[in-house]
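J.: Below is a structure I'd like to ask you about.
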Amino acid sequence: MNVPPEHIIVISPIGDLEDTSLLNQISREINRIFTHPTEIVPLLKDVNFALDPVRNQYHSTSILEKLERLSPINTMKVVGITMVDLFIPILTHVYGEAQLGGKACIVSTHRLKEGLSLMGSRHIYHNRITKEVIHELGHTFNLRHCPDHFCIMHYCRTVKDVDGKSDQLCRYCKTLLEDEMKRPAKK
Amino acid sequence: MGNTKILVVDDELIIRKSLADWLERDGHKVETAVSGEEALERCKDTRFDILLVDIKMEGMSGLDVLKQIKESDPDVDVVMITAYGSISTAIEAMKNGAYDYLLKPFDPNELGVLIEKIIDHQAQARENLYLKELYKDRTRFESMIGQSRPMQVVFDLIEDIAPTDSTVLITGETGTGKGLTAKAIHTKSPRCEGPFVVVNCGAIPEHLMESELFGHQKWAFTDAKETKKGRLELAHGGTLFLDEIGEISMRMQIDLLRVLEDHVFYRVGGTQPIEVDFRVIAAVNRDLDKEIKEGRFREDLYYRLNVISFQMPPLRERKEDIPLLVDHFLRRFSQETNKPIDNISREAMDEMMLYEWPGNVRELGNAIERAVVVGKGRKILFEDLPIFRSEYLTPASNNSLNEAEKTHISRILNENQWNISKSAEILGIDRSTLYSKIKRHKIPKPA
């Protein structure tokens, strides 16, 4: 297939994250929501460069910058997925971070396991990660947090909220995404 | 989640940046300042709704920033950011009017909940103010007054436009009578027997707007104990007046466009389509072209609204109407206050004719009301009109329009110790307009 330049959304698992079924699910969902092809490209072996030894957490903003720099030439957006706990300096933790209207975003699976047993809840865990990936990617398409509790762009305070929201954009966010998608074409 | 303007004040770049990025994802407009001094400068140029201020900074402390901000604009909500060691200072800040304080690093939920709480409380205050104004306007203006050429043009336009069913967009400065004009169009239209429903897009909190416009079914959300008709439904058969349309959120713009196109909508939580038939009149005092360019207003909605548009003339461009308006207001307020004041001195009238009235007819009405209340005799004297009494005001005839406006605004600000809300009320303009005028005229705040 001939894909025009800068149209690929890169999914970049970081470290030991090698769950193929999860990555395939994420890929499918990205394709469904954003209608762009995806590629799975591990760009970072680890994120030790972003470790804050005092907090024992990883600074998400510096990981984003690196992901953006390392992304292949035809990358439209890049989403990193890591198992480590992320933070930004003013907050205790974040589930993920995105460059609003930019290229890169990242999701941490660290706190998404909360309340799940190891057995039997794999699909819930995968759904949580997938929803958060779509959510952070939405930010890179300039979407803001949505007040609709069922919209995937709703900001979730707890993992319970993540479980409660749907895997869809509400009609407002859908329209705003369509507007955003049309923007480069207009230029 | 809206267009709240937030200023983050912290001397650490990394804190400023991370906080700003986080808040922007919630849809807020965020600016940052590296010091207390810069924050105060920024506040002269822009009116922020919320300030997040670090207590310990190089130079001016967060506490000093709080005190100065609260002095010039008590309606701004300030949240102090503090480390564990300085909780006592945070408590002192609360005593000095801070809304709350956050211990850093803070939980993202804590920040989100606090910002939402402040937005709700500010929206409530705005709505109350609008309802008060609406009540005042309803009781004060029963008709439009003017013999000047610009007003004759407006009257002719109303006559021409009223019988059609076209959407109308009225532009113009605050206080020029956009709402009255909309009402006049409705009154003269074939829909005059139907309702005239007003929606002030700037006064209804964003999270209530959907339910206000579209109504809701019982139990559509936790507080929806009864089914409620929205304003779109209430406007059926009549006219829907969308005041301050430039303030409407991007989300509501999407819905509104759809209703204007199809005339069909659903109540929140409803599954039954509701067909409505109303005429739309919208008013705006902002430059919508600029809003479109900056991505804050949908172009498709603008074209849908801008079928017929015209601008209301400011009072300074129709000064020959001032005596008529003065006479009207005099009669009204003397009746309301039961005071036999029925005349105005030559000197007072001359000054009124020279003055530029930045707050337009609303400001004139406020000035006469005040003069009637304080007046002792049967005649309004120059001394009863405090807007002209200051030593700051040199005769406007020697000044340009700009200079006269600057002098007047400076004087009102100084007389009211730079209390922005109070000064804006006296001037008959809203606070954001006052801020932009302070900025434009570079009016210095006394030390």
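Residue numbers start at 1 in each chain; chains themselves are named A, B, ... in the order of the structure tokens; ligands are numbered from 1 in the order shown.
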Provide as a count of residues only the residues of chain B at most 8 Å from chain A, counting only C-alpha atoms.
T.: 19
J.: Would you please extract all alpha helix (DSSP H) residues from region 221-441 of chain B, as assigned by DSSP on the backbone, and give them as a compact mmCIF listing (two decimals) with C-alpha atoms, in the first residue's frame?
T.:
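Contents of states-v9.txt, freshly written:
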# COMPACT_ATOMS: atom_id res chain seq x y z
CA ARG B 231 -35.05 27.56 25.82
CA LEU B 232 -35.08 26.31 22.21
CA GLU B 233 -38.36 24.59 22.88
CA LEU B 234 -39.73 27.59 24.76
CA MET B 250 -17.05 25.13 20.77
CA ARG B 251 -19.20 22.17 21.85
CA MET B 252 -22.37 24.20 21.98
CA GLN B 253 -21.50 25.80 18.63
CA ILE B 254 -21.64 22.34 17.07
CA ASP B 255 -25.10 21.65 18.51
CA LEU B 256 -26.44 25.07 17.77
CA LEU B 257 -25.37 24.86 14.15
CA ARG B 258 -27.20 21.58 13.81
CA VAL B 259 -30.41 23.01 15.28
CA LEU B 260 -30.21 26.10 13.09
CA GLU B 261 -29.84 23.88 10.05
CA ASP B 262 -32.45 21.23 10.85
CA LEU B 288 -16.09 37.39 15.30
CA ASP B 289 -13.72 37.44 12.32
CA LYS B 290 -10.83 37.45 14.75
CA GLU B 291 -12.45 34.69 16.82
CA ILE B 292 -12.76 32.57 13.67
CA LYS B 293 -9.13 33.16 12.72
CA GLU B 299 -16.93 29.63 10.47
CA ASP B 300 -19.98 27.55 9.40
CA LEU B 301 -21.97 28.85 12.38
CA TYR B 302 -20.92 32.41 11.62
CA TYR B 303 -22.23 32.18 8.07
CA ARG B 304 -25.43 30.59 9.34
CA LEU B 305 -26.00 33.51 11.72
CA ILE B 322 -28.56 62.78 24.27
CA PRO B 323 -31.18 65.44 25.25
CA LEU B 324 -33.99 63.04 24.31
CA LEU B 325 -32.43 60.22 26.26
CA VAL B 326 -31.76 62.48 29.25
CA ASP B 327 -35.37 63.61 29.22
CA HIS B 328 -36.55 60.00 29.06
CA PHE B 329 -34.33 58.86 31.92
CA LEU B 330 -35.19 61.92 34.02
CA ARG B 331 -38.90 61.21 33.82
CA ARG B 332 -38.40 57.56 34.53
CA PHE B 333 -36.13 57.92 37.53
CA SER B 334 -37.97 60.84 39.07
CA GLN B 335 -41.10 58.69 38.91
CA GLU B 336 -39.31 55.67 40.35
CA THR B 337 -37.75 57.64 43.21
CA ARG B 346 -27.50 74.06 30.83
CA GLU B 347 -24.03 73.46 32.22
CA ALA B 348 -24.76 69.81 33.02
CA MET B 349 -26.27 69.24 29.58
CA ASP B 350 -23.27 70.89 27.89
CA GLU B 351 -20.92 68.54 29.69
CA MET B 352 -23.05 65.59 28.73
CA MET B 353 -22.85 66.61 25.09
CA LEU B 354 -19.06 66.87 25.29
CA ASN B 360 -23.02 54.24 25.76
CA VAL B 361 -26.73 54.56 26.67
CA ARG B 362 -26.37 52.29 29.69
CA GLU B 363 -23.72 54.59 31.16
CA LEU B 364 -25.90 57.64 30.46
CA GLY B 365 -28.83 55.97 32.21
CA ASN B 366 -26.67 55.13 35.23
CA ALA B 367 -25.40 58.73 35.43
CA ILE B 368 -28.92 60.18 35.39
CA GLU B 369 -30.18 57.66 37.92
CA ARG B 370 -27.37 58.63 40.27
CA ALA B 371 -27.98 62.34 39.71
CA VAL B 372 -31.69 61.93 40.49
CA VAL B 373 -30.91 60.04 43.67
CA VAL B 374 -28.40 62.63 44.96
CA LEU B 401 -11.90 61.34 21.73
CA ASN B 402 -9.24 58.98 22.99
CA GLU B 403 -7.84 61.45 25.47
CA ALA B 404 -11.27 62.23 26.86
CA GLU B 405 -11.99 58.55 27.34
CA LYS B 406 -8.62 57.95 28.97
CA THR B 407 -9.09 60.86 31.38
CA HIS B 408 -12.55 59.75 32.36
CA ILE B 409 -11.59 56.13 32.92
CA SER B 410 -8.52 57.17 34.98
CA ARG B 411 -10.67 59.34 37.16
CA ILE B 412 -13.31 56.70 37.82
CA LEU B 413 -10.59 54.16 38.61
CA ASN B 414 -8.86 56.53 41.02
CA GLU B 415 -12.10 57.53 42.68
CA ILE B 420 -12.26 47.18 38.63
CA SER B 421 -15.72 45.72 39.21
CA LYS B 422 -17.05 48.90 40.79
CA SER B 423 -15.43 51.14 38.17
CA ALA B 424 -16.77 49.02 35.31
CA GLU B 425 -20.26 49.19 36.81
CA ILE B 426 -20.11 52.98 37.09
CA LEU B 427 -18.78 53.29 33.54
CA ARG B 431 -14.86 44.36 33.26
CA SER B 432 -13.06 42.82 30.31
CA THR B 433 -13.84 45.96 28.27
CA LEU B 434 -12.47 48.10 31.09
CA TYR B 435 -9.29 46.01 31.20
CA SER B 436 -8.79 46.33 27.47
CA LYS B 437 -9.33 50.10 27.68
CA ILE B 438 -6.80 50.38 30.56
CA LYS B 439 -4.35 48.49 28.40
CA ARG B 440 -5.08 50.46 25.24
CA HIS B 441 -4.73 53.83 26.97
J.: Write out as a VMD selection string all residues of region 159-352 of chain B that backbone DSSP assigns to strand (DSSP E or B).
T.: chain B and resid 168 to 171 196 to 200 215 to 216 228 to 229 239 to 243 264 to 265 268 274 to 275 279 to 284 308 to 311 343 to 344
J.: Would you work out the distance separating CA of Thr38 (chain A) from CA of Pro72 (chain A), expressed in Å to one decimal?
T.: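 Separating CA of Thr38 (chain A) from CA of Pro72 (chain A) is a distance of 12.2 Å.
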